[in-house]
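Undergrad: Structure: upload.txt, compact mmCIF, C-alpha atoms (C1' of nucleotides).
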# COMPACT_ATOMS: atom_id res chain seq x y z
CA MET A 27 49.10 1.64 -89.06
CA ALA A 28 52.31 1.39 -91.03
CA ASP A 29 52.84 1.56 -94.76
CA HIS A 30 51.13 -1.49 -96.13
CA THR A 31 52.79 -1.25 -99.53
CA VAL A 32 55.98 -2.67 -98.08
CA ASP A 33 54.18 -5.71 -96.74
CA GLN A 34 52.33 -6.20 -99.98
CA GLU A 35 55.57 -6.33 -101.95
CA ALA A 36 57.06 -8.77 -99.48
CA TRP A 37 54.00 -11.02 -99.77
CA ALA A 38 54.08 -10.71 -103.56
CA SER A 39 57.66 -11.87 -103.82
CA ALA A 40 57.04 -14.67 -101.36
CA LEU A 41 54.10 -15.84 -103.46
CA HIS A 42 56.25 -15.65 -106.57
CA SER A 43 59.02 -17.69 -105.06
CA HIS A 44 56.49 -20.42 -104.33
CA GLY A 45 55.25 -20.38 -107.91
CA ARG A 46 51.93 -18.78 -107.01
CA ARG A 47 50.30 -15.93 -108.85
CA VAL A 48 49.93 -12.66 -107.03
CA THR A 49 46.20 -12.05 -106.71
CA LYS A 50 44.37 -9.42 -104.76
CA GLN A 51 42.50 -12.20 -102.95
CA ARG A 52 45.70 -13.72 -101.61
CA LEU A 53 47.08 -10.33 -100.65
CA ALA A 54 43.84 -9.44 -98.90
CA VAL A 55 43.86 -12.71 -96.96
CA LEU A 56 47.50 -12.29 -95.98
CA ALA A 57 46.90 -8.72 -94.82
CA ALA A 58 43.83 -9.81 -92.86
CA VAL A 59 45.71 -12.59 -91.11
CA GLN A 60 48.57 -10.23 -90.30
CA ASN A 61 46.25 -7.63 -88.82
CA HIS A 62 44.17 -10.20 -86.95
CA PRO A 63 46.47 -12.94 -85.74
CA HIS A 64 44.91 -16.08 -84.22
CA SER A 65 41.73 -15.60 -86.19
CA PRO A 66 39.44 -18.26 -87.68
CA ALA A 67 38.57 -18.37 -91.35
CA GLU A 68 35.31 -16.57 -90.79
CA ALA A 69 36.97 -13.57 -89.13
CA ILE A 70 39.63 -13.47 -91.83
CA LEU A 71 36.90 -13.40 -94.44
CA ALA A 72 35.21 -10.50 -92.69
CA ALA A 73 38.45 -8.55 -92.39
CA ALA A 74 39.52 -9.21 -95.95
CA ARG A 75 36.13 -8.15 -97.27
CA LYS A 76 36.71 -4.62 -96.03
CA ASP A 77 39.31 -4.33 -98.78
CA LEU A 78 37.73 -6.78 -101.18
CA PRO A 79 33.95 -7.07 -100.71
CA GLU A 80 33.41 -9.69 -103.39
CA LEU A 81 35.68 -12.22 -101.72
CA THR A 82 33.93 -15.49 -100.89
CA ALA A 83 34.30 -17.81 -97.94
CA GLN A 84 35.35 -20.72 -100.12
CA SER A 85 38.18 -18.73 -101.63
CA VAL A 86 39.39 -17.87 -98.17
CA TYR A 87 39.41 -21.55 -97.21
CA VAL A 88 41.31 -22.46 -100.38
CA VAL A 89 43.84 -19.67 -99.96
CA LEU A 90 44.36 -20.33 -96.26
CA SER A 91 45.02 -24.01 -96.66
CA ASP A 92 47.26 -23.49 -99.68
CA LEU A 93 49.32 -20.82 -97.93
CA THR A 94 49.51 -23.02 -94.86
CA ASP A 95 50.91 -25.86 -96.97
CA LEU A 96 53.49 -23.42 -98.34
CA GLN A 97 54.37 -22.48 -94.75
CA MET A 98 53.57 -18.85 -95.42
CA LEU A 99 50.87 -19.15 -92.79
CA ARG A 100 50.63 -21.24 -89.69
CA ARG A 101 47.49 -23.00 -88.61
CA PHE A 102 46.58 -24.40 -85.24
CA GLU A 103 43.43 -25.83 -83.73
CA PRO A 104 42.61 -25.16 -80.11
CA PRO A 105 40.10 -27.57 -78.61
CA HIS A 106 36.43 -26.68 -79.17
CA SER A 107 37.37 -23.99 -81.62
CA PRO A 108 37.74 -23.67 -85.38
CA ALA A 109 41.23 -23.52 -86.85
CA LEU A 110 43.15 -20.29 -86.27
CA TYR A 111 45.75 -18.74 -88.57
CA GLU A 112 48.72 -16.44 -88.13
CA THR A 113 51.54 -15.02 -90.21
CA ARG A 114 54.24 -15.65 -87.64
CA VAL A 115 55.95 -18.74 -89.04
CA GLY A 116 59.31 -20.41 -88.82
CA ASP A 117 60.14 -19.19 -85.33
CA ASN A 118 58.88 -22.22 -83.49
CA HIS A 119 56.74 -20.34 -81.01
CA HIS A 120 53.78 -21.82 -79.17
CA HIS A 121 50.35 -20.77 -77.95
CA ALA A 122 48.47 -20.31 -74.74
CA VAL A 123 44.68 -20.49 -74.80
CA CYS A 124 42.42 -19.24 -72.03
CA ILE A 125 39.95 -22.01 -71.28
CA SER A 126 37.43 -19.47 -70.11
CA CYS A 127 37.32 -16.79 -72.80
CA GLY A 128 39.31 -18.38 -75.60
CA ARG A 129 41.90 -15.64 -75.83
CA VAL A 130 45.14 -16.76 -77.48
CA GLU A 131 48.61 -15.48 -76.65
CA ASP A 132 51.92 -16.23 -78.30
CA VAL A 133 54.52 -17.96 -76.20
CA ASP A 134 58.17 -18.19 -77.05
CA CYS A 135 59.72 -21.56 -76.57
CA ALA A 136 60.71 -22.31 -73.01
CA VAL A 137 63.50 -24.72 -73.77
CA GLY A 138 65.53 -22.86 -76.35
CA HIS A 139 65.43 -23.09 -80.08
CA ALA A 140 63.89 -26.48 -80.86
CA PRO A 141 62.23 -27.64 -77.68
CA CYS A 142 61.11 -31.09 -76.84
CA LEU A 143 62.10 -32.36 -80.28
CA THR A 144 63.62 -35.44 -78.69
CA PRO A 145 60.70 -37.18 -77.00
CA HIS A 146 61.13 -40.13 -74.69
CA TRP A 147 59.40 -42.99 -76.44
CA ASP A 148 57.32 -45.56 -74.66
CA GLU A 149 58.83 -49.01 -74.44
CA HIS A 150 56.10 -50.41 -76.67
CA SER A 151 55.85 -47.63 -79.24
CA LYS A 152 57.64 -47.26 -82.51
CA PRO A 153 59.61 -44.02 -82.65
CA MET A 154 58.82 -41.50 -85.37
CA THR A 155 61.01 -38.96 -87.07
CA ILE A 156 59.77 -35.78 -85.46
CA GLN A 157 59.49 -32.66 -87.58
CA ILE A 158 57.37 -30.33 -85.49
CA ALA A 159 56.61 -30.03 -81.80
CA ASP A 160 53.58 -27.87 -81.09
CA VAL A 161 52.98 -26.92 -77.50
CA LEU A 162 49.52 -25.83 -76.47
CA TYR A 163 49.24 -24.25 -73.05
CA GLN A 164 45.82 -24.08 -71.48
CA GLY A 165 45.10 -21.83 -68.57
CA ILE A 166 43.13 -18.84 -67.38
CA CYS A 167 43.99 -15.32 -68.46
CA GLN A 168 44.23 -12.43 -66.07
CA ASP A 169 40.89 -10.93 -67.05
CA CYS A 170 38.98 -14.16 -66.54
CA GLN A 171 40.77 -14.80 -63.29
CA ALA A 172 39.56 -11.43 -62.04
CA LYS A 173 36.01 -12.15 -63.16
CA GLN A 174 35.98 -15.47 -61.34
CA GLN A 175 36.66 -13.71 -58.06
CA LEU A 176 33.22 -12.14 -58.31
CA PRO A 177 30.58 -14.04 -56.31
CA THR A 178 27.91 -14.12 -59.03
CA GLN A 179 30.26 -15.61 -61.57
CA THR A 180 29.92 -19.39 -61.81
CA TYR A 181 32.84 -21.45 -63.01
CA ALA A 182 32.51 -21.64 -66.78
CA THR A 183 34.34 -24.75 -67.83
CA HIS A 184 34.17 -24.86 -71.59
CA GLU A 185 33.18 -21.49 -72.90
CA ILE A 186 35.57 -21.12 -75.77
CA GLY A 187 34.82 -18.98 -78.79
CA GLU A 188 34.82 -15.22 -78.75
CA ARG A 189 32.24 -14.67 -81.48
CA MET B 2 42.96 -60.21 -72.67
CA ALA B 3 42.83 -59.78 -68.91
CA ASP B 4 39.88 -60.07 -66.57
CA HIS B 5 37.58 -57.24 -67.44
CA THR B 6 35.57 -57.48 -64.24
CA VAL B 7 38.37 -55.78 -62.36
CA ASP B 8 38.35 -52.83 -64.73
CA GLN B 9 34.59 -52.60 -64.61
CA GLU B 10 34.61 -52.29 -60.84
CA ALA B 11 37.31 -49.67 -60.97
CA TRP B 12 35.31 -47.66 -63.50
CA ALA B 13 32.16 -48.08 -61.44
CA SER B 14 33.72 -46.70 -58.30
CA ALA B 15 35.30 -43.85 -60.24
CA LEU B 16 31.90 -42.96 -61.66
CA HIS B 17 30.39 -43.12 -58.22
CA SER B 18 32.98 -40.84 -56.74
CA HIS B 19 32.11 -38.26 -59.40
CA GLY B 20 28.42 -38.54 -58.57
CA ARG B 21 27.56 -40.33 -61.79
CA ARG B 22 25.33 -43.36 -62.10
CA VAL B 23 26.91 -46.57 -63.23
CA THR B 24 25.27 -47.43 -66.54
CA LYS B 25 26.15 -50.11 -69.03
CA GLN B 26 26.52 -47.39 -71.67
CA ARG B 27 29.23 -45.61 -69.71
CA LEU B 28 30.99 -48.87 -68.91
CA ALA B 29 30.84 -49.92 -72.56
CA VAL B 30 32.28 -46.59 -73.67
CA LEU B 31 35.03 -46.71 -71.07
CA ALA B 32 35.96 -50.27 -72.04
CA ALA B 33 35.95 -49.35 -75.73
CA VAL B 34 38.23 -46.38 -75.16
CA GLN B 35 40.56 -48.48 -73.03
CA ASN B 36 40.77 -51.20 -75.67
CA HIS B 37 41.12 -48.74 -78.54
CA PRO B 38 43.17 -45.80 -77.32
CA HIS B 39 43.44 -42.73 -79.58
CA SER B 40 40.14 -43.52 -81.24
CA PRO B 41 37.52 -41.10 -82.54
CA ALA B 42 33.93 -41.18 -81.36
CA GLU B 43 32.81 -43.20 -84.35
CA ALA B 44 35.30 -45.99 -83.67
CA ILE B 45 34.41 -46.00 -79.99
CA LEU B 46 30.76 -46.35 -80.93
CA ALA B 47 31.56 -49.30 -83.17
CA ALA B 48 33.65 -51.00 -80.49
CA ALA B 49 31.12 -50.38 -77.72
CA ARG B 50 28.29 -51.73 -79.88
CA LYS B 51 29.89 -55.16 -79.88
CA ASP B 52 28.92 -55.37 -76.20
CA LEU B 53 25.90 -53.11 -76.41
CA PRO B 54 24.33 -53.07 -79.88
CA GLU B 55 21.56 -50.61 -79.05
CA LEU B 56 24.00 -47.85 -78.12
CA THR B 57 23.58 -44.68 -80.17
CA ALA B 58 26.14 -42.26 -81.52
CA GLN B 59 24.66 -39.34 -79.64
CA SER B 60 24.97 -41.17 -76.33
CA VAL B 61 28.60 -41.81 -77.09
CA TYR B 62 29.18 -38.12 -77.71
CA VAL B 63 27.42 -37.17 -74.50
CA VAL B 64 29.25 -39.76 -72.43
CA LEU B 65 32.63 -38.94 -73.95
CA SER B 66 32.40 -35.23 -73.34
CA ASP B 67 31.02 -35.69 -69.82
CA LEU B 68 33.76 -38.14 -68.86
CA THR B 69 36.31 -35.84 -70.41
CA ASP B 70 35.06 -32.98 -68.25
CA LEU B 71 35.42 -35.27 -65.24
CA GLN B 72 38.99 -36.01 -66.31
CA MET B 73 38.24 -39.72 -66.49
CA LEU B 74 39.05 -39.52 -70.20
CA ARG B 75 41.42 -37.36 -72.10
CA ARG B 76 40.55 -35.80 -75.42
CA PHE B 77 42.88 -34.35 -78.00
CA GLU B 78 42.43 -33.12 -81.53
CA PRO B 79 45.17 -33.72 -84.06
CA PRO B 80 44.99 -31.45 -87.09
CA HIS B 81 42.68 -32.59 -89.89
CA SER B 82 41.22 -35.30 -87.71
CA PRO B 83 38.22 -35.73 -85.42
CA ALA B 84 38.80 -35.68 -81.68
CA LEU B 85 40.50 -38.75 -80.20
CA TYR B 86 39.98 -40.17 -76.72
CA GLU B 87 42.06 -42.23 -74.31
CA THR B 88 41.84 -43.51 -70.76
CA ARG B 89 45.39 -42.60 -69.83
CA VAL B 90 44.89 -39.46 -67.78
CA GLY B 91 46.73 -37.55 -65.12
CA ASP B 92 50.19 -38.60 -66.16
CA ASN B 93 50.93 -35.59 -68.33
CA HIS B 94 52.04 -37.55 -71.37
CA HIS B 95 51.99 -36.23 -74.90
CA HIS B 96 51.30 -37.45 -78.43
CA ALA B 97 53.08 -37.95 -81.70
CA VAL B 98 51.05 -38.01 -84.89
CA CYS B 99 52.30 -39.33 -88.21
CA ILE B 100 51.48 -36.70 -90.80
CA SER B 101 51.30 -39.37 -93.46
CA CYS B 102 49.12 -42.14 -92.03
CA GLY B 103 47.69 -40.49 -88.92
CA ARG B 104 49.02 -43.08 -86.50
CA VAL B 105 49.25 -41.80 -82.94
CA GLU B 106 51.83 -42.82 -80.37
CA ASP B 107 52.10 -41.89 -76.73
CA VAL B 108 55.15 -39.93 -75.70
CA ASP B 109 56.31 -39.49 -72.14
CA CYS B 110 57.32 -36.02 -71.21
CA ALA B 111 60.83 -35.08 -72.24
CA VAL B 112 61.44 -32.50 -69.56
CA GLY B 113 60.41 -34.32 -66.42
CA HIS B 114 57.18 -34.24 -64.56
CA ALA B 115 55.52 -30.98 -65.58
CA PRO B 116 57.24 -29.87 -68.74
CA CYS B 117 57.21 -26.45 -70.23
CA LEU B 118 54.72 -25.26 -67.63
CA THR B 119 56.64 -22.04 -67.25
CA PRO B 120 56.46 -20.43 -70.68
CA HIS B 121 58.47 -17.37 -71.61
CA TRP B 122 55.89 -14.69 -72.26
CA ASP B 123 56.15 -12.21 -75.07
CA GLU B 124 56.89 -8.66 -74.03
CA HIS B 125 53.48 -7.54 -75.23
CA SER B 126 51.36 -10.43 -74.00
CA LYS B 127 49.54 -10.79 -70.72
CA PRO B 128 50.66 -13.90 -68.88
CA MET B 129 48.10 -16.57 -68.05
CA THR B 130 47.96 -19.03 -65.21
CA ILE B 131 48.89 -22.23 -67.01
CA GLN B 132 47.14 -25.44 -66.02
CA ILE B 133 47.97 -27.80 -68.85
CA ALA B 134 50.73 -28.01 -71.43
CA ASP B 135 49.87 -30.31 -74.30
CA VAL B 136 52.68 -31.15 -76.67
CA LEU B 137 51.81 -32.42 -80.11
CA TYR B 138 54.67 -33.91 -82.06
CA GLN B 139 54.24 -34.27 -85.79
CA GLY B 140 56.49 -36.47 -87.86
CA ILE B 141 56.64 -39.53 -90.04
CA CYS B 142 56.36 -43.01 -88.61
CA GLN B 143 58.70 -45.82 -89.55
CA ASP B 144 56.21 -47.57 -91.81
CA CYS B 145 55.45 -44.45 -93.83
CA GLN B 146 59.11 -43.60 -94.06
CA ALA B 147 59.74 -47.01 -95.59
CA LYS B 148 56.87 -46.57 -98.04
CA GLN B 149 58.18 -43.21 -99.17
CA GLN B 150 61.40 -44.82 -100.28
CA LEU B 151 59.45 -46.65 -102.99
CA PRO B 152 59.56 -44.86 -106.37
CA THR B 153 55.86 -45.20 -107.18
CA GLN B 154 54.81 -43.68 -103.91
CA THR B 155 54.00 -40.00 -104.25
CA TYR B 156 54.32 -37.79 -101.21
CA ALA B 157 50.96 -37.90 -99.49
CA THR B 158 50.80 -34.70 -97.53
CA HIS B 159 47.53 -34.75 -95.67
CA GLU B 160 46.13 -38.23 -95.58
CA ILE B 161 45.04 -38.45 -92.00
CA GLY B 162 42.25 -40.69 -90.80
CA GLU B 163 42.39 -44.43 -90.58
CA ARG B 164 38.72 -45.09 -91.17
C1' DG C 26 9.18 -52.77 -55.64
C1' DC C 27 8.20 -47.82 -56.36
C1' DC C 28 9.50 -43.26 -57.33
C1' DT C 29 12.47 -39.58 -58.57
C1' DT C 30 15.59 -37.79 -61.59
C1' DA C 31 19.72 -38.65 -64.14
C1' DT C 32 20.70 -40.78 -68.38
C1' DT C 33 19.88 -42.34 -72.97
C1' DG C 34 17.52 -42.50 -77.47
C1' DT C 35 15.27 -39.98 -81.37
C1' DG C 36 15.27 -36.90 -84.88
C1' DA C 37 16.91 -32.89 -86.53
C1' DA C 38 19.97 -29.05 -86.85
C1' DG C 39 24.34 -26.50 -86.87
C1' DA C 40 29.22 -25.26 -87.63
C1' DA C 41 33.28 -25.84 -90.12
C1' DC C 42 35.06 -27.29 -94.03
C1' DT C 43 35.43 -29.50 -98.82
C1' DC C 44 34.16 -30.73 -103.59
C1' DA C 45 32.89 -30.25 -108.60
C1' DT C 46 32.41 -27.27 -112.02
C1' DA C 47 32.00 -22.82 -114.37
C1' DA C 48 33.68 -18.04 -114.64
C1' DT C 49 37.53 -15.01 -114.23
C1' DA C 50 42.00 -12.97 -114.44
C1' DA C 51 47.34 -13.35 -113.91
C1' DG C 52 51.22 -13.87 -116.45
C1' DT C 53 53.49 -15.20 -121.01
C1' DG C 54 54.61 -14.66 -125.82
C1' DC C 55 53.75 -12.15 -129.93
C1' DG D 28 49.28 -3.59 -125.98
C1' DC D 29 46.61 -7.87 -127.16
C1' DA D 30 45.37 -12.54 -127.34
C1' DC D 31 46.01 -17.02 -125.03
C1' DT D 32 46.83 -20.43 -121.66
C1' DT D 33 46.20 -22.03 -117.32
C1' DA D 34 46.07 -21.04 -112.49
C1' DT D 35 42.82 -19.05 -109.43
C1' DT D 36 38.36 -17.73 -107.72
C1' DA D 37 33.23 -17.89 -107.39
C1' DT D 38 29.00 -20.66 -107.20
C1' DG D 39 26.23 -23.85 -105.07
C1' DA D 40 25.76 -27.99 -103.03
C1' DG D 41 27.48 -31.66 -100.09
C1' DT D 42 30.15 -33.98 -96.12
C1' DT D 43 31.74 -34.68 -91.67
C1' DC D 44 31.73 -34.12 -86.96
C1' DT D 45 29.23 -32.58 -83.24
C1' DT D 46 25.37 -30.64 -80.55
C1' DC D 47 20.46 -29.54 -79.35
C1' DA D 48 15.60 -30.21 -77.68
C1' DC D 49 12.65 -33.25 -76.04
C1' DA D 50 10.58 -37.82 -75.14
C1' DA D 51 11.54 -42.51 -73.36
C1' DT D 52 14.06 -45.28 -70.23
C1' DA D 53 16.34 -47.08 -66.22
C1' DA D 54 19.64 -46.48 -61.94
C1' DG D 55 19.73 -45.94 -57.16
C1' DG D 56 17.51 -44.45 -52.71
C1' DC D 57 13.61 -45.26 -49.80
Let me see whether you can do it: turn the structure in this file into structure tokens.

TA:
Amino acid sequence: MADHTVDQEAWASALHSHGRRVTKQRLAVLAAVQNHPHSPAEAILAAARKDLPELTAQSVYVVLSDLTDLQMLRRFEPPHSPALYETRVGDNHHHAVCISCGRVEDVDCAVGHAPCLTPHWDEHSKPMTIQIADVLYQGICQDCQAKQQLPTQTYATHEIGER
Amino acid sequence: MADHTVDQEAWASALHSHGRRVTKQRLAVLAAVQNHPHSPAEAILAAARKDLPELTAQSVYVVLSDLTDLQMLRRFEPPHSPALYETRVGDNHHHAVCISCGRVEDVDCAVGHAPCLTPHWDEHSKPMTIQIADVLYQGICQDCQAKQQLPTQTYATHEIGER
DNA sequence: GCCTTATTGTGAAGAACTCATAATAAGTGC
DNA sequence: GCACTTATTATGAGTTCTTCACAATAAGGC
């Protein structure tokens, strides 16, 4: 583990520049998200409570959605799973989700810096001004692929959630 | 409106080929999804009840998720919105969501037939075998863009859901 | 038409998230 | 450093979307 003081100061100044007060709750949530990327609110609460036991779930929800609006955090929602959060923002990366175990991996963009930002519109649709293009890959991770080779293992279609 | 009998027979044979019985509930749900693409379960229930008033919400949920597993329907979950369903499957198209009003438009793939199916993996991540790449565009539709020009209109950040 | 078993309806429960309001504490000025 | 103002957090309940267990119903094969 590296020196967390550096991160804390970076978070503090980022909060300041967005006109937010620097509270231990926000710092704890930010640290928890950084140490546990792709985690749901519940897991972030659990992690943050190791530093700050009196933190409540509702505060975590408020902080997460506020920081997401500020673009200090990024939120994404895999199918059949609660929303996940991460600190890696602004680099336009995407995600791959294992449909068997729910594991999430980061994926850099395949088509350069701003991929697929110029969609081909249907003839009958009204074009929109696109701001974000999120790509969600779904597949099977190496571990689950290995498990499915075993004879006793039945094909688990929708077993997402790593609880 | 075209002749619905044709569609019904197509749905019936598709259900048969998946080993499912042909029930009026399934046909009503399929017709409702076809006539109201990108609709949540609640709207599908309402639409299907016009043909079949005794249909229940729980049946709709069961039918929708079963038909989605069979790939006869496609399900996707825009942020801050319940799951939406559509009958257009197997053509690898994507979706654009207006972050202001929640309107959804279909988008054909920008990069050909199977776009972005070869992600660039992080150095530290374990590659997965990718099966699906869902692209979710987020932007502002023409109507909302026009509305935001008006002085009295405040910037509505997260008003999704067309209830 | 009858029978078997998939399918649907019933009623309730669960997970994830949000809301209203009171308590607390961060930052500002003295 | 201390009081004050207002943003922030905690409390407790409520909402929404979805699923579960089990009984009632009906589709399709004989």

Undergrad: Would you give me, as a list in words, the residues of chain C that come within 12 Å of chain B, using only C-alpha atoms (C1' of nucleotides)?

TA: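 On the chain C side, the interface is DT30, DA31, DT32, DT33, DG34, DT35, DG36, DA41, DC42 and DT43 of chain C.
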
Undergrad: Can you work out which one of B:Leu137, B:Cys145, B:Ala42, B:Ile100 has the shortest atom-to-atom distance to chain D, counting all atoms listed in the file?

TA: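 Looking only at the distances to chain D, the closest residue turns out to be B:Ala42.
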
Undergrad: Could you write out as a ChimeraX atom specification the residues of chain B within 7 Å of chain A, counting all atoms listed in the file?

TA: /B:78,80,106-111,117,120-123,126,128-143

Undergrad: Looking at all atoms listed in the file, which of A:Arg75, A:Arg114, A:Arg100, A:Lys50 is the one that sits closest to chain D?

TA: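 Using all atoms listed in the file, chain D sits closest to A:Lys50.
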
Undergrad: Define the interface residues of chain D facing chain B as those within 9 Å, counting all atoms listed in the file, and report them as a compact mmCIF listing (two decimals) with C-alpha atoms (C1' of nucleotides), in the coordinates of the input.

TA:
# COMPACT_ATOMS: atom_id res chain seq x y z
C1' DC D 44 31.73 -34.12 -86.96
C1' DT D 45 29.23 -32.58 -83.24
C1' DT D 46 25.37 -30.64 -80.55
C1' DA D 53 16.34 -47.08 -66.22
C1' DA D 54 19.64 -46.48 -61.94
C1' DG D 55 19.73 -45.94 -57.16

Undergrad: As an exercise, work out the distance from CA of Leu41 in chain A to CA of Val115 in chain A in Å and give it to one decimal place.

TA: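 We find that CA of Leu41 in chain A and CA of Val115 in chain A lie 14.8 Å from each other.
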
Undergrad: In Å, how far is it from CA of Ala33 in chain B to CA of Thr69 in chain B?

TA: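 According to the coordinates, CA of Ala33 in chain B and CA of Thr69 in chain B are separated by 14.5 Å.
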
Undergrad: Would you kindly identify which residues have an atom no farther than 12 Å from (38.5, -3.2, -96.6), using all atoms listed in the file and the file's own coordinates, and write them out as a PyMOL selection string?

TA: chain A and resi 50-51+53-55+57-58+61+70-81

Undergrad: Please report the interatomic distance between CA of Leu65 in chain B and CA of Thr88 in chain B in Å with one decimal.

TA: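 CA of Leu65 in chain B sits 10.8 Å away from CA of Thr88 in chain B.
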
Undergrad: Excluding same-chain residues fewer than 3 positions from DA37 in chain C, what lies within 12 Å of it counting only C-alpha atoms (C1' of nucleotides), as a PyMOL selection string?

TA: chain D and resi 46-49
